[in-house]
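The file work_24.pdb comes next; it holds PDB, C-alpha atoms, pLDDT in the B column.
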```pdb
ATOM      1  CA  MET T   1     -23.737   5.306   0.256  1.00 68.00           C
ATOM      2  CA  VAL T   2     -21.915   8.608   0.206  1.00 70.00           C
ATOM      3  CA  ARG T   3     -19.368   7.326   2.772  1.00 76.00           C
ATOM      4  CA  ARG T   4     -18.628   4.292   0.614  1.00 75.00           C
ATOM      5  CA  VAL T   5     -18.062   6.508  -2.434  1.00 67.00           C
ATOM      6  CA  VAL T   6     -15.731   8.753  -0.464  1.00 68.00           C
ATOM      7  CA  ASP T   7     -13.812   5.765   0.947  1.00 71.00           C
ATOM      8  CA  PHE T   8     -13.417   4.289  -2.525  1.00 68.00           C
ATOM      9  CA  SER T   9     -12.196   7.617  -3.907  1.00 70.00           C
ATOM     10  CA  VAL T  10      -9.614   7.969  -1.118  1.00 70.00           C
ATOM     11  CA  HIS T  11      -8.273   4.424  -1.261  1.00 72.00           C
ATOM     12  CA  GLN T  12      -8.456   4.056  -5.058  1.00 72.00           C
ATOM     13  CA  ALA T  13      -7.063   7.429  -6.128  1.00 75.00           C
ATOM     14  CA  LEU T  14      -5.414   5.933  -9.203  1.00 78.00           C
ATOM     15  CA  TYR T  15      -8.794   5.001 -10.670  1.00 76.00           C
ATOM     16  CA  ILE T  16     -10.143   8.466  -9.926  1.00 77.00           C
ATOM     17  CA  TYR T  17      -7.196  10.169 -11.617  1.00 81.00           C
ATOM     18  CA  GLY T  18      -7.585   7.875 -14.597  1.00 82.00           C
ATOM     19  CA  GLY T  19     -11.302   8.631 -14.862  1.00 82.00           C
ATOM     20  CA  VAL T  20     -10.701  12.384 -14.652  1.00 84.00           C
ATOM     21  CA  ALA T  21      -7.981  12.178 -17.302  1.00 88.00           C
ATOM     22  CA  THR T  22     -10.312  10.187 -19.550  1.00 90.00           C
ATOM     23  CA  LEU T  23     -13.080  12.766 -19.159  1.00 90.00           C
ATOM     24  CA  VAL T  24     -10.652  15.594 -19.949  1.00 91.00           C
ATOM     25  CA  ALA T  25      -9.420  13.761 -23.049  1.00 91.00           C
ATOM     26  CA  LEU T  26     -12.979  13.114 -24.240  1.00 90.00           C
ATOM     27  CA  GLY T  27     -13.890  16.746 -23.611  1.00 87.00           C
ATOM     28  CA  ALA T  28     -10.908  17.971 -25.603  1.00 88.00           C
ATOM     29  CA  TYR T  29     -11.778  15.593 -28.452  1.00 87.00           C
ATOM     30  CA  ALA T  30     -15.395  16.787 -28.468  1.00 82.00           C
ATOM     31  CA  LEU T  31     -14.250  20.413 -28.431  1.00 78.00           C
ATOM     32  CA  TRP T  32     -12.380  19.971 -31.691  1.00 81.00           C
ATOM     33  CA  THR T  33     -14.801  17.634 -33.477  1.00 80.00           C
ATOM     34  CA  LEU T  34     -18.243  18.767 -32.296  1.00 73.00           C
ATOM     35  CA  PRO T  35     -20.237  19.688 -35.445  1.00 69.00           C
ATOM     36  CA  PHE T  36     -22.347  22.298 -33.634  1.00 64.00           C
ATOM     37  CA  GLU T  37     -21.497  25.956 -33.162  1.00 59.00           C
ATOM     38  CA  ALA T  38     -21.155  27.524 -29.758  1.00 56.00           C
ATOM     39  CA  PHE T  39     -23.620  30.198 -30.894  1.00 59.00           C
ATOM     40  CA  PRO T  40     -26.153  28.387 -33.106  1.00 61.00           C
ATOM     41  CA  ASP T  41     -28.073  30.323 -35.721  1.00 61.00           C
ATOM     42  CA  LEU T  42     -31.556  30.750 -34.256  1.00 66.00           C
ATOM     43  CA  THR T  43     -32.795  33.272 -36.817  1.00 70.00           C
ATOM     44  CA  ALA T  44     -36.058  32.691 -38.636  1.00 74.00           C
ATOM     45  CA  ASN T  45     -36.353  30.935 -41.965  1.00 83.00           C
ATOM     46  CA  SER T  46     -36.348  33.829 -44.419  1.00 87.00           C
ATOM     47  CA  VAL T  47     -35.664  35.023 -47.964  1.00 90.00           C
ATOM     48  CA  SER T  48     -34.094  38.416 -48.634  1.00 89.00           C
ATOM     49  CA  VAL T  49     -35.004  40.632 -51.589  1.00 91.00           C
ATOM     50  CA  ILE T  50     -32.516  43.375 -52.445  1.00 90.00           C
ATOM     51  CA  ALA T  51     -33.082  46.313 -54.779  1.00 90.00           C
ATOM     52  CA  ASP T  52     -30.347  48.786 -55.656  1.00 86.00           C
ATOM     53  CA  ALA T  53     -31.657  52.281 -56.442  1.00 85.00           C
ATOM     54  CA  PRO T  54     -28.582  54.462 -57.046  1.00 79.00           C
ATOM     55  CA  GLY T  55     -28.919  58.097 -56.037  1.00 76.00           C
ATOM     56  CA  MET T  56     -32.440  57.831 -54.604  1.00 82.00           C
ATOM     57  CA  ALA T  57     -33.188  59.323 -51.205  1.00 84.00           C
ATOM     58  CA  PRO T  58     -34.473  56.967 -48.483  1.00 86.00           C
ATOM     59  CA  SER T  59     -37.980  58.458 -48.641  1.00 87.00           C
ATOM     60  CA  ASP T  60     -38.157  57.902 -52.406  1.00 88.00           C
ATOM     61  CA  VAL T  61     -36.766  54.377 -52.073  1.00 89.00           C
ATOM     62  CA  GLU T  62     -39.396  53.629 -49.420  1.00 91.00           C
ATOM     63  CA  GLN T  63     -42.273  54.869 -51.566  1.00 90.00           C
ATOM     64  CA  LEU T  64     -41.199  53.790 -55.053  1.00 90.00           C
ATOM     65  CA  VAL T  65     -39.232  50.597 -54.368  1.00 91.00           C
ATOM     66  CA  THR T  66     -39.787  49.125 -50.912  1.00 92.00           C
ATOM     67  CA  TYR T  67     -43.564  49.528 -50.807  1.00 92.00           C
ATOM     68  CA  PRO T  68     -44.206  47.814 -54.191  1.00 91.00           C
ATOM     69  CA  ILE T  69     -41.915  44.953 -53.178  1.00 92.00           C
ATOM     70  CA  GLU T  70     -43.690  44.469 -49.840  1.00 92.00           C
ATOM     71  CA  ARG T  71     -47.102  44.626 -51.504  1.00 90.00           C
ATOM     72  CA  SER T  72     -46.183  41.980 -54.082  1.00 90.00           C
ATOM     73  CA  LEU T  73     -44.774  39.602 -51.440  1.00 91.00           C
ATOM     74  CA  LEU T  74     -47.818  39.658 -49.171  1.00 90.00           C
ATOM     75  CA  GLY T  75     -49.949  36.531 -49.062  1.00 88.00           C
ATOM     76  CA  LEU T  76     -47.250  33.993 -49.902  1.00 90.00           C
ATOM     77  CA  PRO T  77     -47.976  30.491 -48.547  1.00 91.00           C
ATOM     78  CA  ARG T  78     -46.691  29.716 -45.052  1.00 90.00           C
ATOM     79  CA  THR T  79     -45.329  33.201 -44.428  1.00 90.00           C
ATOM     80  CA  VAL T  80     -45.178  34.781 -40.983  1.00 91.00           C
ATOM     81  CA  SER T  81     -44.322  38.398 -41.788  1.00 91.00           C
ATOM     82  CA  VAL T  82     -42.681  40.725 -44.272  1.00 92.00           C
ATOM     83  CA  ARG T  83     -40.086  43.199 -42.996  1.00 91.00           C
ATOM     84  CA  SER T  84     -38.052  45.835 -44.784  1.00 91.00           C
ATOM     85  CA  THR T  85     -35.134  48.194 -44.301  1.00 89.00           C
ATOM     86  CA  THR T  86     -34.629  51.249 -46.484  1.00 90.00           C
ATOM     87  CA  LYS T  87     -31.347  53.104 -46.844  1.00 87.00           C
ATOM     88  CA  PHE T  88     -29.916  55.630 -49.245  1.00 84.00           C
ATOM     89  CA  GLY T  89     -30.045  53.952 -52.640  1.00 83.00           C
ATOM     90  CA  LEU T  90     -30.835  50.518 -51.198  1.00 87.00           C
ATOM     91  CA  SER T  91     -33.962  48.572 -50.277  1.00 90.00           C
ATOM     92  CA  MET T  92     -33.827  45.292 -48.355  1.00 90.00           C
ATOM     93  CA  THR T  93     -36.982  43.260 -47.771  1.00 92.00           C
ATOM     94  CA  GLN T  94     -37.093  40.086 -45.706  1.00 91.00           C
ATOM     95  CA  VAL T  95     -39.886  37.516 -45.993  1.00 92.00           C
ATOM     96  CA  ILE T  96     -40.161  35.382 -42.848  1.00 91.00           C
ATOM     97  CA  PHE T  97     -41.476  31.840 -43.356  1.00 91.00           C
ATOM     98  CA  GLU T  98     -42.677  29.257 -40.882  1.00 90.00           C
ATOM     99  CA  ASP T  99     -40.191  26.871 -39.314  1.00 85.00           C
ATOM    100  CA  GLY T 100     -39.736  23.734 -41.359  1.00 84.00           C
ATOM    101  CA  VAL T 101     -40.348  25.359 -44.745  1.00 88.00           C
ATOM    102  CA  ASP T 102     -37.832  24.163 -47.311  1.00 88.00           C
ATOM    103  CA  PRO T 103     -35.531  27.097 -48.190  1.00 87.00           C
ATOM    104  CA  TYR T 104     -35.665  26.362 -51.897  1.00 89.00           C
ATOM    105  CA  PHE T 105     -39.472  26.222 -51.869  1.00 92.00           C
ATOM    106  CA  ALA T 106     -39.463  29.620 -50.162  1.00 90.00           C
ATOM    107  CA  ARG T 107     -37.125  31.046 -52.785  1.00 91.00           C
ATOM    108  CA  GLN T 108     -39.279  29.603 -55.575  1.00 92.00           C
ATOM    109  CA  VAL T 109     -42.493  31.286 -54.417  1.00 92.00           C
ATOM    110  CA  VAL T 110     -40.649  34.571 -53.900  1.00 92.00           C
ATOM    111  CA  ALA T 111     -39.103  34.361 -57.373  1.00 91.00           C
ATOM    112  CA  GLU T 112     -42.552  33.846 -58.909  1.00 89.00           C
ATOM    113  CA  ARG T 113     -43.749  37.102 -57.376  1.00 89.00           C
ATOM    114  CA  LEU T 114     -40.638  39.002 -58.437  1.00 88.00           C
ATOM    115  CA  THR T 115     -41.222  38.187 -62.094  1.00 85.00           C
ATOM    116  CA  ASP T 116     -44.434  40.251 -62.006  1.00 82.00           C
ATOM    117  CA  LEU T 117     -42.794  43.141 -60.180  1.00 84.00           C
ATOM    118  CA  THR T 118     -40.698  44.577 -63.015  1.00 79.00           C
ATOM    119  CA  ALA T 119     -43.450  46.858 -64.313  1.00 79.00           C
ATOM    120  CA  ASP T 120     -43.867  48.506 -60.900  1.00 82.00           C
ATOM    121  CA  MET T 121     -40.186  49.344 -60.459  1.00 85.00           C
ATOM    122  CA  PRO T 122     -38.648  52.696 -61.458  1.00 85.00           C
ATOM    123  CA  ASP T 123     -36.399  52.766 -64.505  1.00 83.00           C
ATOM    124  CA  GLY T 124     -33.036  51.185 -63.800  1.00 81.00           C
ATOM    125  CA  VAL T 125     -34.182  49.481 -60.580  1.00 86.00           C
ATOM    126  CA  SER T 126     -34.695  45.732 -60.289  1.00 85.00           C
ATOM    127  CA  ALA T 127     -35.353  43.492 -57.301  1.00 88.00           C
ATOM    128  CA  THR T 128     -33.284  40.335 -56.864  1.00 87.00           C
ATOM    129  CA  MET T 129     -33.111  37.655 -54.204  1.00 89.00           C
ATOM    130  CA  GLY T 130     -30.172  37.555 -51.865  1.00 81.00           C
ATOM    131  CA  PRO T 131     -28.017  34.462 -51.334  1.00 78.00           C
ATOM    132  CA  VAL T 132     -29.101  31.485 -49.231  1.00 76.00           C
ATOM    133  CA  ALA T 133     -28.059  32.989 -45.908  1.00 68.00           C
ATOM    134  CA  THR T 134     -29.533  34.242 -42.669  1.00 64.00           C
ATOM    135  CA  ALA T 135     -29.435  37.581 -40.905  1.00 58.00           C
ATOM    136  CA  MET T 136     -26.515  36.363 -38.800  1.00 61.00           C
ATOM    137  CA  GLY T 137     -24.505  35.976 -41.990  1.00 66.00           C
ATOM    138  CA  GLU T 138     -23.916  39.734 -42.232  1.00 71.00           C
ATOM    139  CA  ILE T 139     -20.657  39.825 -40.358  1.00 77.00           C
ATOM    140  CA  TYR T 140     -18.841  42.975 -41.423  1.00 83.00           C
ATOM    141  CA  GLN T 141     -19.533  46.517 -42.566  1.00 87.00           C
ATOM    142  CA  TYR T 142     -16.984  49.032 -43.781  1.00 90.00           C
ATOM    143  CA  VAL T 143     -16.879  52.554 -45.184  1.00 91.00           C
ATOM    144  CA  LEU T 144     -14.730  53.846 -48.031  1.00 91.00           C
ATOM    145  CA  ALA T 145     -13.358  57.331 -47.452  1.00 90.00           C
ATOM    146  CA  SER T 146     -10.499  59.450 -48.737  1.00 90.00           C
ATOM    147  CA  ASP T 147      -8.632  62.475 -47.413  1.00 91.00           C
ATOM    148  CA  ASN T 148      -7.855  63.531 -50.962  1.00 91.00           C
ATOM    149  CA  PRO T 149     -10.383  66.219 -52.000  1.00 89.00           C
ATOM    150  CA  GLU T 150      -9.971  65.195 -55.640  1.00 91.00           C
ATOM    151  CA  VAL T 151     -11.411  61.727 -54.926  1.00 91.00           C
ATOM    152  CA  THR T 152     -15.165  61.966 -55.410  1.00 90.00           C
ATOM    153  CA  ALA T 153     -18.022  59.755 -54.255  1.00 88.00           C
ATOM    154  CA  MET T 154     -18.179  58.433 -57.821  1.00 89.00           C
ATOM    155  CA  ASP T 155     -14.541  57.330 -57.637  1.00 91.00           C
ATOM    156  CA  LEU T 156     -15.166  55.506 -54.351  1.00 91.00           C
ATOM    157  CA  LYS T 157     -18.284  53.814 -55.757  1.00 90.00           C
ATOM    158  CA  THR T 158     -16.338  52.657 -58.822  1.00 90.00           C
ATOM    159  CA  LEU T 159     -13.536  51.337 -56.617  1.00 92.00           C
ATOM    160  CA  GLN T 160     -16.030  49.428 -54.462  1.00 91.00           C
ATOM    161  CA  ASP T 161     -18.028  47.884 -57.322  1.00 90.00           C
ATOM    162  CA  TYR T 162     -15.196  46.971 -59.683  1.00 89.00           C
ATOM    163  CA  SER T 163     -12.219  46.286 -57.397  1.00 92.00           C
ATOM    164  CA  ILE T 164     -13.057  45.615 -53.754  1.00 93.00           C
ATOM    165  CA  ALA T 165     -16.354  43.713 -54.048  1.00 90.00           C
ATOM    166  CA  PRO T 166     -15.096  41.230 -56.698  1.00 91.00           C
ATOM    167  CA  GLN T 167     -12.049  40.479 -54.558  1.00 92.00           C
ATOM    168  CA  LEU T 168     -14.165  39.907 -51.445  1.00 91.00           C
ATOM    169  CA  ARG T 169     -16.411  37.477 -53.344  1.00 87.00           C
ATOM    170  CA  THR T 170     -13.397  35.265 -54.023  1.00 89.00           C
ATOM    171  CA  VAL T 171     -12.900  34.670 -50.283  1.00 89.00           C
ATOM    172  CA  ALA T 172     -14.102  31.222 -49.211  1.00 86.00           C
ATOM    173  CA  GLY T 173     -17.417  31.403 -47.373  1.00 79.00           C
ATOM    174  CA  VAL T 174     -18.438  34.858 -48.652  1.00 83.00           C
ATOM    175  CA  ALA T 175     -21.893  34.553 -50.216  1.00 77.00           C
ATOM    176  CA  GLU T 176     -22.607  38.165 -51.154  1.00 79.00           C
ATOM    177  CA  VAL T 177     -21.203  41.674 -50.892  1.00 85.00           C
ATOM    178  CA  ASN T 178     -23.812  44.453 -50.789  1.00 81.00           C
ATOM    179  CA  SER T 179     -22.984  48.112 -51.213  1.00 82.00           C
ATOM    180  CA  TRP T 180     -24.932  51.345 -51.072  1.00 78.00           C
ATOM    181  CA  GLY T 181     -24.195  55.014 -51.321  1.00 79.00           C
ATOM    182  CA  GLY T 182     -21.864  56.809 -53.646  1.00 80.00           C
ATOM    183  CA  LEU T 183     -22.506  57.820 -57.233  1.00 81.00           C
ATOM    184  CA  ILE T 184     -22.457  55.496 -60.227  1.00 81.00           C
ATOM    185  CA  GLU T 185     -20.091  56.535 -63.004  1.00 80.00           C
ATOM    186  CA  GLN T 186     -22.068  57.893 -65.951  1.00 80.00           C
ATOM    187  CA  TYR T 187     -21.411  59.521 -69.305  1.00 82.00           C
ATOM    188  CA  HIS T 188     -23.763  62.359 -70.256  1.00 85.00           C
ATOM    189  CA  VAL T 189     -24.370  63.777 -73.711  1.00 87.00           C
ATOM    190  CA  VAL T 190     -25.845  67.271 -73.449  1.00 89.00           C
ATOM    191  CA  VAL T 191     -27.548  68.417 -76.633  1.00 90.00           C
ATOM    192  CA  GLU T 192     -28.330  71.975 -77.702  1.00 90.00           C
ATOM    193  CA  PRO T 193     -31.858  72.174 -79.146  1.00 89.00           C
ATOM    194  CA  GLY T 194     -30.987  75.222 -81.274  1.00 89.00           C
ATOM    195  CA  ARG T 195     -28.130  73.477 -83.039  1.00 90.00           C
ATOM    196  CA  LEU T 196     -30.285  70.370 -83.564  1.00 88.00           C
ATOM    197  CA  ILE T 197     -32.877  72.510 -85.311  1.00 90.00           C
ATOM    198  CA  GLN T 198     -30.222  74.177 -87.479  1.00 90.00           C
ATOM    199  CA  ALA T 199     -28.824  70.793 -88.502  1.00 88.00           C
ATOM    200  CA  GLY T 200     -32.266  69.293 -89.038  1.00 90.00           C
ATOM    201  CA  VAL T 201     -31.510  66.472 -86.597  1.00 89.00           C
ATOM    202  CA  ALA T 202     -34.108  65.075 -84.201  1.00 90.00           C
ATOM    203  CA  LEU T 203     -33.342  63.989 -80.667  1.00 89.00           C
ATOM    204  CA  ALA T 204     -34.244  60.413 -81.621  1.00 89.00           C
ATOM    205  CA  ASP T 205     -31.477  60.502 -84.231  1.00 89.00           C
ATOM    206  CA  VAL T 206     -28.952  61.430 -81.548  1.00 89.00           C
ATOM    207  CA  GLU T 207     -30.160  58.592 -79.312  1.00 88.00           C
ATOM    208  CA  MET T 208     -29.914  56.106 -82.178  1.00 87.00           C
ATOM    209  CA  ALA T 209     -26.398  57.276 -83.078  1.00 85.00           C
ATOM    210  CA  LEU T 210     -25.253  56.884 -79.488  1.00 83.00           C
ATOM    211  CA  ALA T 211     -26.784  53.406 -79.227  1.00 79.00           C
ATOM    212  CA  GLU T 212     -25.169  52.267 -82.473  1.00 78.00           C
ATOM    213  CA  ASN T 213     -21.742  53.657 -81.624  1.00 78.00           C
ATOM    214  CA  ASN T 214     -21.548  52.587 -77.988  1.00 73.00           C
ATOM    215  CA  ARG T 215     -20.604  48.992 -78.727  1.00 73.00           C
ATOM    216  CA  ASN T 216     -17.715  46.804 -79.797  1.00 70.00           C
ATOM    217  CA  PHE T 217     -17.685  44.868 -83.045  1.00 68.00           C
ATOM    218  CA  GLY T 218     -15.547  42.138 -84.462  1.00 67.00           C
ATOM    219  CA  GLY T 219     -13.632  42.356 -87.695  1.00 68.00           C
ATOM    220  CA  THR T 220     -11.309  40.014 -89.504  1.00 74.00           C
ATOM    221  CA  TYR T 221      -7.676  39.222 -88.951  1.00 73.00           C
ATOM    222  CA  THR T 222      -4.376  39.997 -90.573  1.00 80.00           C
ATOM    223  CA  GLU T 223      -1.185  37.990 -90.818  1.00 83.00           C
ATOM    224  CA  ALA T 224       2.287  39.417 -90.610  1.00 82.00           C
ATOM    225  CA  ARG T 225       5.632  37.658 -90.142  1.00 82.00           C
ATOM    226  CA  GLY T 226       3.966  34.349 -89.428  1.00 80.00           C
ATOM    227  CA  GLU T 227       1.645  35.753 -86.757  1.00 84.00           C
ATOM    228  CA  ARG T 228      -2.098  36.338 -86.864  1.00 82.00           C
ATOM    229  CA  PHE T 229      -3.566  39.530 -85.369  1.00 80.00           C
ATOM    230  CA  ILE T 230      -7.270  39.893 -84.620  1.00 79.00           C
ATOM    231  CA  ILE T 231      -8.884  43.159 -85.723  1.00 77.00           C
ATOM    232  CA  ARG T 232     -11.765  44.500 -83.670  1.00 73.00           C
ATOM    233  CA  GLY T 233     -13.453  47.826 -83.138  1.00 73.00           C
ATOM    234  CA  MET T 234     -13.521  49.277 -79.626  1.00 74.00           C
ATOM    235  CA  GLY T 235     -16.353  51.742 -79.179  1.00 71.00           C
ATOM    236  CA  ARG T 236     -18.103  50.763 -75.963  1.00 71.00           C
ATOM    237  CA  LEU T 237     -17.568  52.995 -72.953  1.00 67.00           C
TER     238      LEU T 237
END
```

Spit out the file's structure as structure tokens when you get a sec.
Amino acid sequence: MVRRVVDFSVHQALYIYGGVATLVALGAYALWTLPFEAFPDLTANSVSVIADAPGMAPSDVEQLVTYPIERSLLGLPRTVSVRSTTKFGLSMTQVIFEDGVDPYFARQVVAERLTDLTADMPDGVSATMGPVATAMGEIYQYVLASDNPEVTAMDLKTLQDYSIAPQLRTVAGVAEVNSWGGLIEQYHVVVEPGRLIQAGVALADVEMALAENNRNFGGTYTEARGERFIIRGMGRL
């Protein structure tokens, strides 16, 4: 049998060359049109919960943010495990579900637990679900730094949150941009208790005045030379 195959291959070389060329052409076609990735995503079916806690140390984030989130997510139907990662100012919790669980069902049961979690979170911290993506979706990490001593961590954080991250989200295929570290830009009003007592003003009055003034409001309009100009008050920082 083998001898007959060899004899045919030797005496009918044209057919052999044609068959090889056909196989190469089919292989090249499959290479460009195959709908499967060379490195398929074999990660578990999971839902990520992200909580941003600006300025908190990892130990405080672990105790005050990560632990309450893990505790609230335990016992969900068809879950395998609950894992977490705590960094400076950032808590990431991952709920692993069984294979075959619908991703949107998993997100629904997680969202139901998150609604009851608000009371257990520190002030200014809230837990939200990440995008519909897997662990292999995190493809790039970068660090913002500056050689200029006048550029502070607050400046870098502002640049990341208001300039770089919004631009990255416009790139096709980018589902989410997470950031941690740095200092959030804040405006502080430092009161002097002695002067408040002299003026007969309570601290609650100062808080109310700040809340009422830190906002924009609409006015009317004015017309001049055939043009209409909108009048508005700008008071929000």

Counting only C-alpha atoms, the option among T:Thr220, T:Ser146, T:Ser9, T:Thr79 closest to T:Ala44: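 Ranked by minimum distance to T:Ala44, first place goes to T:Thr79.
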
Resolved residues for the PyMOL selection byres ((chain T and resi 59) around 12) as a ChimeraX atom specification: /T:53,55-58,60-67,85-91

Selection near T:Asn178, 10 Å with all atoms listed in the file, sequence-local residues under 4 positions removed, as an MDAnalysis selection string: chainID T and resid 50 52 90 130 138 141 160:161 165

Residues in the PyMOL selection byres ((chain T and resi 188) around 12), expressed as a PyMOL selection string: chain T and resi 185-187+189-191+207+210+237

Residue among T:Ala127, T:Val109, T:Ala25, T:Ile16 lying closest to T:Pro68, counting all atoms listed in the file: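 Of all the options, T:Ala127 lies closest to T:Pro68.
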
Distance criterion (only C-alpha atoms): nearest to T:Arg113 out of T:Thr128, T:Thr33, T:Gln198, T:Thr170: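 Under the stated criterion, the closest residue is T:Thr128.
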
Explicit residue set for the PyMOL selection byres ((chain T and resi 233) around 12), as an MDAnalysis selection string: chainID T and resid 213:221 230:232 234:236

Could the residues in this selection be saved with C-alpha atoms as a CSV table (one decimal), keeping the file's coordinate frame?
```csv
chain,number,residue,atom,x,y,z
T,213,ASN,CA,-21.7,53.7,-81.6
T,214,ASN,CA,-21.5,52.6,-78.0
T,215,ARG,CA,-20.6,49.0,-78.7
T,216,ASN,CA,-17.7,46.8,-79.8
T,217,PHE,CA,-17.7,44.9,-83.0
T,218,GLY,CA,-15.5,42.1,-84.5
T,219,GLY,CA,-13.6,42.4,-87.7
T,220,THR,CA,-11.3,40.0,-89.5
T,221,TYR,CA,-7.7,39.2,-89.0
T,230,ILE,CA,-7.3,39.9,-84.6
T,231,ILE,CA,-8.9,43.2,-85.7
T,232,ARG,CA,-11.8,44.5,-83.7
T,234,MET,CA,-13.5,49.3,-79.6
T,235,GLY,CA,-16.4,51.7,-79.2
T,236,ARG,CA,-18.1,50.8,-76.0
```

Pairwise distance for atom CA of T:Pro166 and atom CA of T:Arg107, rounded to one decimal in Å: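 Answer for the atom CA of T:Pro166 to atom CA of T:Arg107 separation: 24.6 Å.
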
Cut-off 10 Å around (-42.7, 37.0, -39.7) with all atoms listed in the file: residues as a list in words: Ala44, Asn45, Ser46, Arg78, Thr79, Val80, Ser81, Val82, Arg83, Gln94, Val95, Ile96, Phe97 and Glu98 of chain T

Sel. within 12 Å of pt (-43.2, 41.0, -62.1), counting all atoms listed in the file, output as a PyMOL selection string: chain T and resi 68-69+71-73+110-121+126-128

Residue nearest T:Thr93 - candidates T:Pro122, T:Leu74, T:Leu183, T:Val47, atoms counted: all atoms listed in the file: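 Using all atoms listed in the file, T:Thr93 sits closest to T:Val47.
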
Top pick for closest residue to T:Ser48, considering T:Pro103, T:Gly173, T:Pro149, T:Gly194 and counting all atoms listed in the file: T:Pro103
